[in-house]
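Structure file structure11.json (JSON, C-alpha atoms) is printed below.
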[["chain", "number", "residue", "atom", "x", "y", "z"],
["D", 1, "MET", "CA", 1.41, 11.09, 11.57],
["D", 2, "GLY", "CA", 4.84, 10.32, 10.24],
["D", 3, "SER", "CA", 7.83, 12.65, 10.18],
["D", 4, "PRO", "CA", 7.53, 14.88, 7.11],
["D", 5, "ALA", "CA", 10.73, 16.16, 5.51],
["D", 6, "TYR", "CA", 9.26, 19.65, 5.13],
["D", 7, "ILE", "CA", 5.98, 21.52, 5.58],
["D", 8, "ASP", "CA", 6.19, 25.11, 4.39],
["D", 9, "PRO", "CA", 4.80, 27.67, 6.86],
["D", 10, "THR", "CA", 2.22, 28.81, 4.27],
["D", 11, "VAL", "CA", 0.65, 25.34, 3.93],
["D", 12, "ARG", "CA", -2.94, 24.97, 5.22],
["D", 13, "ILE", "CA", -3.96, 21.58, 6.64],
["D", 14, "PHE", "CA", -7.45, 20.87, 8.02],
["D", 15, "GLY", "CA", -9.17, 17.72, 9.32],
["D", 16, "ASP", "CA", -8.07, 14.09, 9.20],
["D", 17, "VAL", "CA", -4.81, 14.33, 7.26],
["D", 18, "ARG", "CA", -2.26, 11.51, 7.55],
["D", 19, "LEU", "CA", 1.28, 12.36, 6.52],
["D", 20, "GLY", "CA", 3.92, 9.74, 5.74],
["D", 21, "ASP", "CA", 7.58, 9.91, 6.60],
["D", 22, "ASP", "CA", 9.70, 12.21, 4.45],
["D", 23, "CYS", "CA", 6.74, 13.68, 2.56],
["D", 24, "SER", "CA", 6.90, 17.38, 1.71],
["D", 25, "LEU", "CA", 4.25, 20.09, 1.40],
["D", 26, "TRP", "CA", 5.36, 23.18, -0.50],
["D", 27, "PRO", "CA", 4.34, 26.87, -0.45],
["D", 28, "TYR", "CA", 0.59, 27.58, -0.39],
["D", 29, "ALA", "CA", -0.51, 23.96, -0.76],
["D", 30, "VAL", "CA", -3.90, 23.26, 0.83],
["D", 31, "VAL", "CA", -4.97, 19.88, 2.25],
["D", 32, "ARG", "CA", -8.55, 19.64, 3.59],
["D", 33, "SER", "CA", -10.53, 16.72, 4.95],
["D", 34, "GLU", "CA", -13.83, 17.50, 6.64],
["D", 35, "ARG", "CA", -15.44, 14.06, 6.33],
["D", 36, "ALA", "CA", -13.30, 11.26, 4.88],
["D", 37, "HIS", "CA", -9.51, 11.37, 5.23],
["D", 38, "VAL", "CA", -6.44, 12.36, 3.25],
["D", 39, "SER", "CA", -3.36, 10.15, 3.25],
["D", 40, "ILE", "CA", -0.12, 11.43, 1.77],
["D", 41, "GLY", "CA", 2.46, 8.68, 1.45],
["D", 42, "ARG", "CA", 6.10, 8.36, 2.28],
["D", 43, "CYS", "CA", 8.39, 10.60, 0.20],
["D", 44, "ALA", "CA", 5.38, 12.08, -1.63],
["D", 45, "SER", "CA", 5.45, 15.79, -2.43],
["D", 46, "VAL", "CA", 2.53, 18.18, -2.76],
["D", 47, "GLN", "CA", 3.92, 21.17, -4.57],
["D", 48, "ASP", "CA", 3.19, 24.89, -4.58],
["D", 49, "HIS", "CA", -0.49, 25.94, -4.82],
["D", 50, "ALA", "CA", -1.75, 22.34, -5.12],
["D", 51, "MET", "CA", -5.19, 21.56, -3.65],
["D", 52, "VAL", "CA", -5.84, 18.17, -2.04],
["D", 53, "HIS", "CA", -9.43, 17.62, -0.90],
["D", 54, "ILE", "CA", -11.84, 14.75, -0.32],
["D", 55, "GLY", "CA", -15.04, 13.76, -2.05],
["D", 56, "TRP", "CA", -18.13, 13.53, 0.16],
["D", 57, "ASP", "CA", -17.54, 9.87, 0.99],
["D", 58, "ASP", "CA", -14.29, 9.48, -0.90],
["D", 59, "PRO", "CA", -10.93, 9.76, 0.83],
["D", 60, "THR", "CA", -7.93, 11.00, -1.06],
["D", 61, "ILE", "CA", -5.02, 8.59, -0.96],
["D", 62, "ILE", "CA", -1.69, 9.64, -2.42],
["D", 63, "GLY", "CA", 0.71, 6.72, -2.49],
["D", 64, "ASP", "CA", 4.36, 6.58, -1.59],
["D", 65, "TYR", "CA", 6.85, 8.33, -3.90],
["D", 66, "CYS", "CA", 4.24, 10.42, -5.72],
["D", 67, "THR", "CA", 4.72, 13.96, -6.97],
["D", 68, "ILE", "CA", 1.68, 16.25, -7.07],
["D", 69, "GLY", "CA", 2.72, 19.10, -9.36],
["D", 70, "HIS", "CA", 2.29, 22.82, -8.90],
["D", 71, "GLY", "CA", -1.32, 23.95, -8.95],
["D", 72, "ALA", "CA", -2.78, 20.46, -9.34],
["D", 73, "VAL", "CA", -6.19, 19.57, -7.86],
["D", 74, "VAL", "CA", -6.54, 16.09, -6.36],
["D", 75, "HIS", "CA", -10.11, 15.48, -5.16],
["D", 76, "GLY", "CA", -11.40, 12.27, -3.52],
["D", 77, "CYS", "CA", -9.27, 9.88, -5.56],
["D", 78, "ILE", "CA", -6.57, 7.23, -5.25],
["D", 79, "ILE", "CA", -3.13, 7.81, -6.68],
["D", 80, "GLU", "CA", -1.05, 4.68, -6.52],
["D", 81, "PRO", "CA", 2.69, 4.76, -5.71],
["D", 82, "ALA", "CA", 5.31, 6.42, -7.90],
["D", 83, "CYS", "CA", 2.95, 8.58, -9.97],
["D", 84, "LEU", "CA", 3.61, 12.08, -11.23],
["D", 85, "ILE", "CA", 0.62, 14.41, -11.45],
["D", 86, "GLY", "CA", 1.53, 17.27, -13.76],
["D", 87, "ILE", "CA", 1.27, 21.00, -13.25],
["D", 88, "GLY", "CA", -2.35, 22.16, -13.18],
["D", 89, "ALA", "CA", -3.87, 18.68, -13.64],
["D", 90, "THR", "CA", -7.25, 17.90, -12.05],
["D", 91, "ILE", "CA", -8.24, 14.44, -10.79],
["D", 92, "MET", "CA", -11.80, 14.04, -9.55],
["D", 93, "GLU", "CA", -13.72, 11.70, -7.21],
["D", 94, "ARG", "CA", -13.23, 7.94, -7.29],
["D", 95, "CYS", "CA", -10.50, 8.08, -9.93],
["D", 96, "VAL", "CA", -7.76, 5.51, -9.56],
["D", 97, "ILE", "CA", -4.38, 6.34, -11.07],
["D", 98, "GLY", "CA", -2.28, 3.21, -11.55],
["D", 99, "ARG", "CA", 1.26, 3.07, -10.18],
["D", 100, "GLY", "CA", 4.09, 4.51, -12.24],
["D", 101, "SER", "CA", 1.76, 6.70, -14.30],
["D", 102, "ILE", "CA", 2.15, 10.29, -15.42],
["D", 103, "ILE", "CA", -0.82, 12.63, -15.75],
["D", 104, "ALA", "CA", 0.28, 15.42, -18.08],
["D", 105, "GLY", "CA", -0.04, 19.04, -17.08],
["D", 106, "HIS", "CA", -3.54, 20.56, -17.31],
["D", 107, "SER", "CA", -5.20, 17.19, -17.96],
["D", 108, "PHE", "CA", -8.67, 16.66, -16.48],
["D", 109, "LEU", "CA", -9.86, 13.27, -15.27],
["D", 110, "PRO", "CA", -13.63, 13.14, -14.67],
["D", 111, "PRO", "CA", -15.10, 11.14, -11.76],
["D", 112, "ASP", "CA", -14.65, 7.35, -11.83],
["D", 113, "SER", "CA", -11.76, 7.33, -14.33],
["D", 114, "VAL", "CA", -9.53, 4.29, -13.89],
["D", 115, "ILE", "CA", -6.04, 4.60, -15.31],
["D", 116, "PRO", "CA", -4.01, 1.38, -15.68],
["D", 117, "PRO", "CA", -0.53, 1.25, -14.17],
["D", 118, "HIS", "CA", 2.30, 2.67, -16.27],
["D", 119, "SER", "CA", 0.15, 5.02, -18.34],
["D", 120, "LEU", "CA", 0.80, 8.43, -19.85],
["D", 121, "VAL", "CA", -2.44, 10.41, -19.70],
["D", 122, "MET", "CA", -3.09, 13.64, -21.59],
["D", 123, "GLY", "CA", -6.03, 15.86, -22.46],
["D", 124, "THR", "CA", -9.43, 17.02, -21.29],
["D", 125, "PRO", "CA", -10.92, 14.60, -20.60],
["D", 126, "GLY", "CA", -7.70, 12.72, -19.92],
["D", 127, "ARG", "CA", -7.00, 9.68, -22.06],
["D", 128, "VAL", "CA", -4.24, 7.12, -21.96],
["D", 129, "VAL", "CA", -1.99, 7.93, -24.92],
["D", 130, "ARG", "CA", 0.59, 5.19, -24.35],
["D", 131, "ARG", "CA", 2.17, 2.77, -21.92],
["D", 132, "ILE", "CA", 5.33, 4.05, -20.21],
["D", 133, "ASP", "CA", 8.08, 2.71, -17.98],
["D", 134, "LYS", "CA", 8.63, 5.61, -15.55],
["D", 135, "LEU", "CA", 8.38, 3.83, -12.19],
["D", 136, "ARG", "CA", 12.08, 4.31, -11.41],
["D", 137, "THR", "CA", 12.17, 7.86, -12.80],
["D", 138, "ASN", "CA", 9.16, 8.84, -10.69],
["D", 139, "VAL", "CA", 10.76, 7.38, -7.55],
["D", 140, "VAL", "CA", 13.97, 9.33, -8.26],
["D", 141, "ASP", "CA", 11.87, 12.50, -8.63],
["D", 142, "ALA", "CA", 10.25, 11.80, -5.25],
["D", 143, "LEU", "CA", 13.66, 11.26, -3.65],
["D", 144, "LEU", "CA", 14.87, 14.58, -5.07],
["D", 145, "TYR", "CA", 11.94, 16.30, -3.35],
["D", 146, "ARG", "CA", 12.62, 14.40, -0.13],
["D", 147, "ASP", "CA", 16.19, 15.70, -0.14],
["D", 148, "ASN", "CA", 15.02, 19.19, -1.11],
["D", 149, "GLY", "CA", 12.50, 19.15, 1.74],
["D", 150, "ARG", "CA", 15.14, 18.11, 4.25],
["D", 151, "ALA", "CA", 17.36, 20.94, 3.03],
["D", 152, "TYR", "CA", 14.55, 23.53, 3.16],
["D", 153, "ALA", "CA", 13.78, 22.45, 6.72],
["D", 154, "THR", "CA", 17.28, 23.59, 7.69],
["D", 155, "GLY", "CA", 17.33, 26.74, 5.53],
["D", 156, "GLY", "CA", 19.13, 25.26, 2.52],
["D", 157, "HIS", "CA", 17.62, 26.22, -0.82],
["D", 158, "ARG", "CA", 20.25, 25.08, -3.34],
["D", 159, "ILE", "CA", 20.79, 21.37, -2.63],
["D", 160, "TRP", "CA", 19.90, 20.32, -6.16],
["D", 161, "GLU", "CA", 23.12, 21.94, -7.43],
["D", 162, "ASN", "CA", 24.95, 18.98, -5.92],
["D", 163, "ALA", "CA", 22.38, 16.22, -6.44],
["D", 164, "ASP", "CA", 24.02, 12.83, -7.00],
["D", 165, "MET", "CA", 21.67, 11.33, -9.57],
["D", 166, "ALA", "CA", 23.56, 8.02, -9.73],
["D", 167, "LYS", "CA", 23.20, 7.58, -5.97],
["D", 168, "LEU", "CA", 19.50, 8.48, -6.12],
["D", 169, "GLY", "CA", 19.05, 5.95, -8.93],
["D", 170, "GLU", "CA", 20.65, 3.25, -6.80],
["D", 171, "GLU", "CA", 18.38, 4.17, -3.90],
["D", 172, "ALA", "CA", 15.35, 4.02, -6.21],
["D", 173, "ASP", "CA", 16.41, 0.55, -7.42],
["D", 174, "ALA", "CA", 16.68, -0.64, -3.81],
["D", 175, "ILE", "CA", 13.28, 0.82, -2.94],
["D", 176, "LEU", "CA", 11.62, -0.87, -5.90],
["D", 177, "ALA", "CA", 13.27, -4.21, -5.11],
["D", 178, "ARG", "CA", 12.22, -3.98, -1.46],
["D", 179, "GLU", "CA", 8.77, -2.38, -1.67],
["D", 180, "ALA", "CA", 7.10, -2.83, -5.05],
["D", 181, "ALA", "CA", 6.29, -6.46, -4.30],
["D", 182, "GLY", "CA", 4.36, -5.29, -1.22],
["D", 183, "TRP", "CA", 1.99, -3.13, -3.22],
["D", 184, "ASN", "CA", -1.29, -4.97, -3.56],
["D", 185, "ASP", "CA", -3.16, -5.52, -6.81],
["D", 186, "ARG", "CA", -4.33, -1.89, -6.78],
["D", 187, "GLY", "CA", -0.79, -0.67, -6.19],
["D", 188, "ILE", "CA", -1.43, 0.89, -2.80],
["D", 189, "ALA", "CA", 1.06, 0.00, -0.11],
["D", 190, "GLN", "CA", -0.77, -1.86, 2.66],
["D", 191, "SER", "CA", -0.09, 0.95, 5.13],
["D", 192, "HIS", "CA", -1.93, 3.46, 2.94],
["D", 193, "GLY", "CA", -4.88, 1.37, 1.73],
["D", 194, "LYS", "CA", -8.55, 2.20, 2.17]]
So that I can check it, write out the structure of this file as structure tokens.
Amino acid sequence: MGSPAYIDPTVRIFGDVRLGDDCSLWPYAVVRSERAHVSIGRCASVQDHAMVHIGWDDPTIIGDYCTIGHGAVVHGCIIEPACLIGIGATIMERCVIGRGSIIAGHSFLPPDSVIPPHSLVMGTPGRVVRRIDKLRTNVVDALLYRDNGRAYATGGHRIWENADMAKLGEEADAILAREAAGWNDRGIAQSHGK
């Protein structure tokens, strides 16, 4: 296990759950793994009331710099780095969400859906509505939650009032220059692959 930035006291974690450095788990999130495993990447956040579970034989892999929105359900799937999963979205077994994608709030992806990198997905069932360039934006969002998690861990709840977005953007640029080339053809960093 890495060193998470923050795990709220209300979070429930069961089974083989692998947490990356600077990830954050927010109030009432549940992460369960009774058979396969769950991997939550570096600087990824699992927000309030989200449910992360496995499929029977399918691990759940959440890549680095991902944001799992409030109330989302992530179930036995692979989410490549720098994705944003919207509020209340559901992603089922064996789905693969390509890096830099956004799954809109309340979208539903049925089992075996494969979403190309840099996609905006909406609807039930979810469909790619257009190609987007949100890789940097999604990394900045993840860094904001990293900083928020570090602040919450020390009792600070208002750090975003002083967020330096330019500095976070520069950090995101450095991360992408240093790490994106190391993501394999499926977009999963080697340390978080199947």
Kindly assemble as a Markdown table a list of the stretch 65-165 of chain D residues that lie within 12 Å of stretch 22-44 of chain D, each paired with its nearest atom pair and their distance in Å to one decimal, using all atoms listed in the file, sorted first by chain and then by ascending residue number.
| residue | atom | partner | partner_atom | distance |
| --- | --- | --- | --- | --- |
| D:Tyr65 | CA | D:Ala44 | CA | 4.6 |
| D:Cys66 | CA | D:Ala44 | CA | 4.6 |
| D:Thr67 | CA | D:Ala44 | CA | 5.7 |
| D:Ile68 | CA | D:Ala44 | CA | 7.8 |
| D:Gly69 | CA | D:Trp26 | CA | 10.1 |
| D:His70 | CA | D:Ala29 | CA | 8.7 |
| D:Gly71 | CA | D:Ala29 | CA | 8.2 |
| D:Ala72 | CA | D:Ala29 | CA | 9.5 |
| D:Val73 | CA | D:Val30 | CA | 9.7 |
| D:Val74 | CA | D:Val31 | CA | 9.5 |
| D:His75 | CA | D:Val38 | CA | 9.7 |
| D:Gly76 | CA | D:Val38 | CA | 8.4 |
| D:Cys77 | CA | D:Val38 | CA | 9.6 |
| D:Ile78 | CA | D:Ser39 | CA | 9.5 |
| D:Ile79 | CA | D:Ile40 | CA | 9.7 |
| D:Glu80 | CA | D:Gly41 | CA | 9.6 |
| D:Pro81 | CA | D:Gly41 | CA | 8.2 |
| D:Ala82 | CA | D:Ala44 | CA | 8.4 |
| D:Cys83 | CA | D:Ala44 | CA | 9.4 |
| D:Leu84 | CA | D:Ala44 | CA | 9.8 |
| D:Ile85 | CA | D:Ala44 | CA | 11.2 |
| D:Asn138 | CA | D:Ala44 | CA | 10.3 |
| D:Val139 | CA | D:Cys43 | CA | 8.7 |
| D:Val140 | CA | D:Cys43 | CA | 10.2 |
| D:Asp141 | CA | D:Ala44 | CA | 9.6 |
| D:Ala142 | CA | D:Cys43 | CA | 5.9 |
| D:Leu143 | CA | D:Cys43 | CA | 6.6 |
| D:Leu144 | CA | D:Cys43 | CA | 9.3 |
| D:Tyr145 | CA | D:Ser24 | CA | 7.2 |
| D:Arg146 | CA | D:Cys43 | CA | 5.7 |
| D:Asp147 | CA | D:Asp22 | CA | 8.7 |
| D:Asn148 | CA | D:Ser24 | CA | 8.8 |
| D:Gly149 | CA | D:Ser24 | CA | 5.9 |
| D:Arg150 | CA | D:Asp22 | CA | 8.0 |
| D:Ala151 | CA | D:Ser24 | CA | 11.1 |
| D:Tyr152 | CA | D:Trp26 | CA | 9.9 |
| D:Ala153 | CA | D:Ser24 | CA | 9.9 |
When you count only C-alpha atoms, which of these residues is closest to D:Ser101: D:Arg131, D:Gly88, D:Gly126, D:Trp160?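 Closest to D:Ser101 of all the choices is D:Arg131.
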How far is it from atom CA of D:Val96 to atom CA of D:Pro116, in Å with one decimal?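 For atom CA of D:Val96 relative to atom CA of D:Pro116, the distance reads 8.3 Å.
Using only C-alpha atoms, the smallest distance between any of D:Ile102, D:Ala172, D:Ile91, D:Leu109 and D:Thr124 comes from D:Leu109.
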Which of these residues is nearest to D:Thr60, using all atoms listed in the file: D:Glu93, D:Val121, D:His106, D:Gly100?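 Between D:Glu93, D:Val121, D:His106, D:Gly100, the residue approaching D:Thr60 most closely is D:Glu93.
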Could you tell me how far atom CA of D:Glu179 sits from atom CA of D:Met122, in Å to one decimal place?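 Taking atom CA of D:Met122 as the start and atom CA of D:Glu179 as the end point, the length is 28.2 Å.
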Take every atom of stretch 60-72 of chain D listed in the file, fit an axis-aligned box around them, add 3 Å per side, and give the centre and edge lengths in Å to one decimal as lines of an AutoDock Vina configuration file.
center_x = -0.5
center_y = 15.3
center_z = -5.2
size_x = 20.8
size_y = 23.4
size_z = 14.4
Option closest in space to D:Gly15, from D:Ile54, D:Val46, D:Ile62, D:Ala89 [counting all atoms listed in the file]: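 Of all the options, D:Ile54 lies closest to D:Gly15.
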Report, in Å with one decimal, the straight-line distance from atom CA of D:Leu176 to atom CA of D:His118.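 That distance, rounded to one decimal, is 14.4 Å.
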Given only C-alpha atoms as the counted atoms, nearest of D:Phe108, D:Trp56, D:Tyr6, D:Trp183 to D:Gly155: D:Tyr6
Using all atoms listed in the file, can you list as a PyMOL selection string the residues within 6 Å of (1.5, 13.2, 7.6)? chain D and resi 1-2+18-20
D:Gly86, D:Gly156, D:Pro125, D:Pro4: which is nearest D:Pro110, counting all atoms listed in the file?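 Among the listed residues, the smallest separation from D:Pro110 belongs to D:Pro125.
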